[in-house]
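J.: Input structure: work32.pdb, which contains PDB, C-alpha atoms.
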ATOM      1  CA  MET A   1      44.569  -5.306 260.364
ATOM      2  CA  ALA A   2      42.303  -2.280 259.884
ATOM      3  CA  ASP A   3      45.345  -0.218 258.898
ATOM      4  CA  ILE A   4      46.171  -2.676 256.119
ATOM      5  CA  PHE A   5      42.670  -2.415 254.656
ATOM      6  CA  THR A   6      42.824   1.380 254.896
ATOM      7  CA  GLU A   7      46.129   1.439 253.001
ATOM      8  CA  VAL A   8      44.766  -0.880 250.314
ATOM      9  CA  GLU A   9      41.655   1.264 249.936
ATOM     10  CA  GLU A  10      43.764   4.406 249.640
ATOM     11  CA  ASP A  11      45.984   2.769 247.017
ATOM     12  CA  LEU A  12      42.906   1.775 245.028
ATOM     13  CA  ARG A  13      41.563   5.341 245.168
ATOM     14  CA  ARG A  14      44.859   6.749 243.942
ATOM     15  CA  GLU A  15      45.077   4.195 241.140
ATOM     16  CA  ARG A  16      41.513   4.997 240.077
ATOM     17  CA  ALA A  17      42.344   8.707 240.053
ATOM     18  CA  LYS A  18      45.319   8.066 237.793
ATOM     19  CA  ASN A  19      43.087   6.045 235.461
ATOM     20  CA  LEU A  20      40.657   8.973 235.333
ATOM     21  CA  TRP A  21      43.583  11.271 234.471
ATOM     22  CA  THR A  22      44.406   8.969 231.560
ATOM     23  CA  ARG A  23      40.802   9.143 230.347
ATOM     24  CA  TYR A  24      40.029  12.821 230.949
ATOM     25  CA  GLY A  25      43.033  14.851 232.096
ATOM     26  CA  ARG A  26      44.698  15.461 228.766
ATOM     27  CA  TYR A  27      41.310  15.980 227.136
ATOM     28  CA  PHE A  28      40.177  18.953 229.152
ATOM     29  CA  ILE A  29      43.620  20.511 229.512
ATOM     30  CA  ALA A  30      43.986  20.456 225.726
ATOM     31  CA  LEU A  31      40.543  21.972 225.247
ATOM     32  CA  ALA A  32      41.266  24.720 227.755
ATOM     33  CA  VAL A  33      44.474  25.590 225.953
ATOM     34  CA  ILE A  34      42.795  25.570 222.535
ATOM     35  CA  ALA A  35      39.985  27.826 223.774
ATOM     36  CA  ILE A  36      42.389  30.379 225.212
ATOM     37  CA  LEU A  37      44.599  30.347 222.119
ATOM     38  CA  ALA A  38      41.642  30.773 219.792
ATOM     39  CA  ALA A  39      40.399  33.794 221.703
ATOM     40  CA  GLY A  40      43.875  35.269 222.007
ATOM     41  CA  ALA A  41      44.731  34.774 218.344
ATOM     42  CA  HIS A  42      41.526  36.487 217.282
ATOM     43  CA  THR A  43      42.148  39.476 219.571
ATOM     44  CA  TRP A  44      45.760  39.836 218.494
ATOM     45  CA  TRP A  45      44.890  39.471 214.819
ATOM     46  CA  ARG A  46      42.237  42.193 214.930
ATOM     47  CA  SER A  47      44.549  44.522 216.859
ATOM     48  CA  TYR A  48      47.531  44.108 214.566
ATOM     49  CA  GLU A  49      45.411  44.154 211.435
ATOM     50  CA  ARG A  50      44.308  47.648 212.417
ATOM     51  CA  SER A  51      47.946  48.660 212.828
ATOM     52  CA  GLN A  52      48.400  48.164 209.056
ATOM     53  CA  GLN A  53      51.527  46.035 209.352
ATOM     54  CA  LEU A  54      50.344  44.299 206.222
ATOM     55  CA  GLU A  55      53.447  42.399 205.164
ATOM     56  CA  THR A  56      53.890  40.730 208.523
ATOM     57  CA  ALA A  57      50.145  40.175 208.774
ATOM     58  CA  GLU A  58      50.154  38.306 205.488
ATOM     59  CA  ARG A  59      53.106  36.141 206.531
ATOM     60  CA  TYR A  60      51.429  35.401 209.848
ATOM     61  CA  GLN A  61      48.202  34.417 208.135
ATOM     62  CA  ALA A  62      50.053  32.277 205.591
ATOM     63  CA  ALA A  63      51.794  30.376 208.383
ATOM     64  CA  LEU A  64      48.381  29.677 209.872
ATOM     65  CA  SER A  65      46.778  28.480 206.642
ATOM     66  CA  GLU A  66      44.213  25.811 207.401
ATOM     67  CA  GLY A  67      45.964  23.104 205.416
ATOM     68  CA  SER A  68      49.276  23.467 207.225
ATOM     69  CA  ILE A  69      47.620  23.474 210.643
ATOM     70  CA  ASP A  70      45.585  20.358 209.934
ATOM     71  CA  SER A  71      48.210  18.340 208.092
ATOM     72  CA  ALA A  72      51.500  19.517 209.564
ATOM     73  CA  PRO A  73      51.063  21.603 212.742
ATOM     74  CA  ALA A  74      54.726  21.237 213.745
ATOM     75  CA  GLU A  75      55.854  22.685 210.401
ATOM     76  CA  ALA A  76      53.461  25.610 210.812
ATOM     77  CA  ALA A  77      54.849  26.130 214.313
ATOM     78  CA  GLY A  78      58.371  26.252 212.936
ATOM     79  CA  ARG A  79      57.386  28.907 210.401
ATOM     80  CA  LEU A  80      55.816  30.984 213.140
ATOM     81  CA  GLU A  81      58.959  30.717 215.255
ATOM     82  CA  SER A  82      60.994  31.972 212.301
ATOM     83  CA  LEU A  83      58.523  34.793 211.758
ATOM     84  CA  ALA A  84      58.787  35.803 215.413
ATOM     85  CA  GLN A  85      62.547  36.402 215.119
ATOM     86  CA  ASN A  86      62.034  39.485 212.955
ATOM     87  CA  ALA A  87      58.398  40.353 213.597
ATOM     88  CA  PRO A  88      57.575  43.931 214.615
ATOM     89  CA  GLY A  89      55.622  44.876 217.688
ATOM     90  CA  GLY A  90      53.181  42.412 219.163
ATOM     91  CA  TYR A  91      53.429  40.027 216.246
ATOM     92  CA  GLU A  92      56.406  38.366 217.940
ATOM     93  CA  LEU A  93      54.256  37.460 220.936
ATOM     94  CA  ALA A  94      51.304  36.368 218.800
ATOM     95  CA  ALA A  95      53.512  34.171 216.615
ATOM     96  CA  LEU A  96      55.259  32.529 219.558
ATOM     97  CA  MET A  97      52.043  31.859 221.464
ATOM     98  CA  ARG A  98      50.449  30.295 218.419
ATOM     99  CA  ALA A  99      53.579  28.304 217.615
ATOM    100  CA  ALA A 100      53.539  26.823 221.104
ATOM    101  CA  GLY A 101      49.895  25.867 220.698
ATOM    102  CA  LEU A 102      50.661  24.140 217.413
ATOM    103  CA  TYR A 103      53.550  22.207 218.925
ATOM    104  CA  GLY A 104      51.151  21.017 221.589
ATOM    105  CA  GLN A 105      48.635  20.073 218.904
ATOM    106  CA  ALA A 106      51.374  18.063 217.169
ATOM    107  CA  GLY A 107      52.135  16.216 220.421
ATOM    108  CA  ASP A 108      55.457  17.934 221.098
ATOM    109  CA  HIS A 109      54.451  19.157 224.539
ATOM    110  CA  ALA A 110      58.038  19.721 225.643
ATOM    111  CA  ALA A 111      58.611  22.206 222.802
ATOM    112  CA  ALA A 112      55.304  23.916 223.574
ATOM    113  CA  ALA A 113      56.148  24.227 227.266
ATOM    114  CA  GLN A 114      59.610  25.616 226.444
ATOM    115  CA  ILE A 115      58.179  28.448 224.331
ATOM    116  CA  TYR A 116      55.563  29.317 226.940
ATOM    117  CA  GLU A 117      58.223  29.289 229.667
ATOM    118  CA  ALA A 118      60.358  31.728 227.672
ATOM    119  CA  ILE A 119      57.411  34.093 227.246
ATOM    120  CA  ALA A 120      56.543  33.869 230.947
ATOM    121  CA  ALA A 121      60.132  34.816 231.821
ATOM    122  CA  ASP A 122      60.295  37.785 229.412
ATOM    123  CA  SER A 123      59.980  41.015 231.401
ATOM    124  CA  GLY A 124      59.232  42.881 228.181
ATOM    125  CA  VAL A 125      55.896  41.071 227.805
ATOM    126  CA  ASP A 126      52.791  42.448 229.481
ATOM    127  CA  GLU A 127      52.145  40.699 232.810
ATOM    128  CA  LEU A 128      48.704  39.519 231.704
ATOM    129  CA  TYR A 129      50.220  37.490 228.856
ATOM    130  CA  ARG A 130      53.151  36.345 230.975
ATOM    131  CA  ASP A 131      50.659  34.878 233.442
ATOM    132  CA  LEU A 132      48.780  33.180 230.616
ATOM    133  CA  ALA A 133      52.017  31.758 229.230
ATOM    134  CA  GLU A 134      52.948  30.333 232.617
ATOM    135  CA  VAL A 135      49.564  28.617 233.001
ATOM    136  CA  LEU A 136      49.822  27.172 229.502
ATOM    137  CA  ALA A 137      53.425  26.092 230.121
ATOM    138  CA  ILE A 138      52.302  24.115 233.144
ATOM    139  CA  ALA A 139      49.378  22.611 231.243
ATOM    140  CA  GLN A 140      51.724  21.438 228.498
ATOM    141  CA  ALA A 141      54.380  20.234 230.953
ATOM    142  CA  ALA A 142      51.709  18.070 232.594
ATOM    143  CA  GLN A 143      51.667  16.022 229.402
ATOM    144  CA  VAL A 144      55.439  15.451 229.326
ATOM    145  CA  ASP A 145      56.517  12.087 230.697
ATOM    146  CA  GLY A 146      58.590  12.328 233.844
ATOM    147  CA  ARG A 147      57.319  15.710 235.042
ATOM    148  CA  ASP A 148      56.386  15.840 238.737
ATOM    149  CA  ALA A 149      52.663  16.589 239.109
ATOM    150  CA  GLU A 150      53.145  17.812 242.691
ATOM    151  CA  ASP A 151      55.785  20.316 241.573
ATOM    152  CA  LEU A 152      53.526  21.581 238.791
ATOM    153  CA  LEU A 153      50.606  21.898 241.231
ATOM    154  CA  ALA A 154      52.754  24.102 243.465
ATOM    155  CA  ARG A 155      53.675  26.311 240.510
ATOM    156  CA  ILE A 156      50.111  26.746 239.298
ATOM    157  CA  ALA A 157      48.616  27.396 242.754
ATOM    158  CA  PRO A 158      48.950  31.227 242.633
ATOM    159  CA  HIS A 159      46.984  31.278 239.377
ATOM    160  CA  GLU A 160      44.087  29.397 240.999
ATOM    161  CA  GLU A 161      43.404  32.146 243.506
ATOM    162  CA  ALA A 162      40.315  34.347 243.290
ATOM    163  CA  GLY A 163      40.994  37.383 241.131
ATOM    164  CA  ALA A 164      43.772  35.757 239.108
ATOM    165  CA  PRO A 165      43.188  36.667 235.432
ATOM    166  CA  TRP A 166      43.404  33.087 234.118
ATOM    167  CA  ARG A 167      41.945  31.404 237.195
ATOM    168  CA  PHE A 168      39.539  29.016 235.489
ATOM    169  CA  THR A 169      42.085  27.809 232.960
ATOM    170  CA  ALA A 170      44.484  27.235 235.868
ATOM    171  CA  LEU A 171      41.815  25.358 237.832
ATOM    172  CA  GLU A 172      41.165  23.031 234.892
ATOM    173  CA  ALA A 173      44.856  22.314 234.480
ATOM    174  CA  ALA A 174      45.283  21.831 238.232
ATOM    175  CA  ALA A 175      42.332  19.415 238.347
ATOM    176  CA  GLY A 176      44.028  17.290 235.718
ATOM    177  CA  LEU A 177      47.292  17.450 237.645
ATOM    178  CA  ALA A 178      45.499  16.398 240.837
ATOM    179  CA  LEU A 179      44.157  13.346 239.038
ATOM    180  CA  GLN A 180      47.634  12.603 237.743
ATOM    181  CA  ALA A 181      48.951  12.847 241.311
ATOM    182  CA  GLY A 182      46.268  10.428 242.544
ATOM    183  CA  ASP A 183      44.243  13.096 244.384
ATOM    184  CA  PRO A 184      40.600  12.794 243.228
ATOM    185  CA  ALA A 185      39.391  14.970 246.119
ATOM    186  CA  GLY A 186      41.632  17.805 244.949
ATOM    187  CA  ALA A 187      40.366  17.375 241.409
ATOM    188  CA  ARG A 188      36.727  17.441 242.567
ATOM    189  CA  GLU A 189      37.309  20.606 244.591
ATOM    190  CA  ARG A 190      38.743  22.443 241.604
ATOM    191  CA  LEU A 191      36.165  21.162 239.142
ATOM    192  CA  SER A 192      33.351  22.169 241.509
ATOM    193  CA  ALA A 193      34.818  25.670 241.780
ATOM    194  CA  ILE A 194      34.541  25.973 237.988
ATOM    195  CA  ALA A 195      31.149  24.314 237.567
ATOM    196  CA  ASP A 196      29.562  26.387 240.357
ATOM    197  CA  SER A 197      30.948  29.764 239.292
ATOM    198  CA  ALA A 198      28.813  32.102 237.227
ATOM    199  CA  ASP A 199      32.023  33.902 236.233
ATOM    200  CA  ALA A 200      33.535  30.875 234.513
ATOM    201  CA  PRO A 201      33.199  30.556 230.708
ATOM    202  CA  GLN A 202      30.284  28.325 229.750
ATOM    203  CA  GLN A 203      32.534  25.820 227.964
ATOM    204  CA  SER A 204      34.704  25.492 231.053
ATOM    205  CA  ARG A 205      31.659  24.986 233.273
ATOM    206  CA  SER A 206      30.231  22.307 230.984
ATOM    207  CA  ARG A 207      33.571  20.517 230.754
ATOM    208  CA  ALA A 208      34.077  20.649 234.513
ATOM    209  CA  ALA A 209      30.580  19.321 235.216
ATOM    210  CA  GLU A 210      31.074  16.413 232.822
ATOM    211  CA  ILE A 211      34.432  15.402 234.290
ATOM    212  CA  LEU A 212      33.162  15.991 237.831
ATOM    213  CA  ARG A 213      30.471  13.379 237.259
ATOM    214  CA  ALA A 214      33.127  10.916 236.120
ATOM    215  CA  VAL A 215      35.458  11.668 239.016
ATOM    216  CA  GLY A 216      32.591  11.353 241.496
ATOM    217  CA  GLU A 217      31.456   7.936 240.239
TER     218      GLU A 217
END
Take the structure in this file and express it as structure tokens.

T.:
Amino acid sequence: MADIFTEVEEDLRRERAKNLWTRYGRYFIALAVIAILAAGAHTWWRSYERSQQLETAERYQAALSEGSIDSAPAEAAGRLESLAQNAPGGYELAALMRAAGLYGQAGDHAAAAQIYEAIAADSGVDELYRDLAEVLAIAQAAQVDGRDAEDLLARIAPHEEAGAPWRFTALEAAAGLALQAGDPAGARERLSAIADSADAPQQSRSRAAEILRAVGE
């Protein structure tokens, strides 16, 4: 009889974890992605602006005009994909990364994940950005119906390790995936690692602490 009650209790815990994923998982994964993209876009823009590739710079900026991003992010993403086909130098990478972010913003997480996956698999891209693309691909794939959370957790695990360049973004995404998989303990462990680390960005620490309180209720 005790085994039956234990199984019921475990089922309830897993169901509660999935409910928490519904409430918080997509929220903090999306914010993590937006934060990384904003920082990356700024860095790339300043770098390529200095390179005086003015024509491409103007086209890139036009594709990212505020109106198009707010009202039609998928259309802006399509323009950036077209730009990337003939863009010189690092503009191809910048355009593709931003296009993927916009597809995610528009709710087309499958398209976003596909672009990130292609970048992660491109040996011509610097390893730092390939790692970032893989983390973001997993974060977007987590929001695609039918994707296996356990499989995605296995893929993101190497990026959670100490010293990994995008560790805290990976930990946030993995915490959401743990909730999706019905593993609140795994989510708490990852969120605590972020909230307790002085090396984590302040926004990530605040987000992790807030969600940790909810998960620990």

J.: Can you tell me, as a list in words, what residues are no more than 7 Å from Gln140 of chain A when counting all atoms listed in the file, ignoring any on the same chain fewer than 6 positions away?

T.: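 Near Gln140 of chain A, the qualifying residues are Gly104, His109, Ala112 and Ala113 of chain A.
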
J.: Please write out, as AutoDock Vina command-line options, where the centre of an axis-aligned box around all listed atoms of segment 94-107 of chain A lies and how long its edges are, in Å to one decimal, after adding 4 Å on each side.

T.:
--center_x 51.9 --center_y 26.3 --center_z 219.1 --size_x 14.6 --size_y 28.2 --size_z 13.0

J.: Selected by the PyMOL selection byres ((chain A and resi 172) around 8) in the shown coordinates: which residues, as an NGL selection string?

T.: :A and (28-29 or 32 or 168-171 or 173-176 or 190-191 or 194 or 204 or 208)

J.: Please report the interatomic distance between atom CA of Ala157 of chain A and atom CA of Glu92 of chain A in Å with one decimal.

T.: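 Between these atoms lies a distance of 28.2 Å.
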
J.: If you apply the PyMOL selection byres ((chain A and resi 116) around 9) to this file, what residues do you get, as a PyMOL selection string?

T.: chain A and resi 96-97+100+111-115+117-121+130+132-138+140

J.: Could you check how far atom CA of Ser192 of chain A sits from atom CA of Asp131 of chain A, in Å to one decimal?

T.: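 So the answer is 22.9 Å.
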
J.: Which residue, A:Ala164, A:Ala154, A:Ala149, A:Ala84, has the smallest gap to Leu128 of chain A when you use all atoms listed in the file?

T.: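 Between A:Ala164, A:Ala154, A:Ala149, A:Ala84, the residue approaching Leu128 of chain A most closely is A:Ala164.
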
J.: Report as a list in words the residues that result from applying the PyMOL selection byres ((chain A and resi 181) around 7) to the structure here.

T.: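 Listing what the PyMOL selection byres ((chain A and resi 181) around 7) selects in the shown file: Lys18, Ala149, Glu150, Leu177, Ala178, Leu179, Gln180, Gly182 and Asp183 of chain A.
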
J.: To one decimal place, how far is atom CA of Glu75 of chain A from atom CA of Ala110 of chain A in Å?

T.: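 A separation of 15.7 Å between them.
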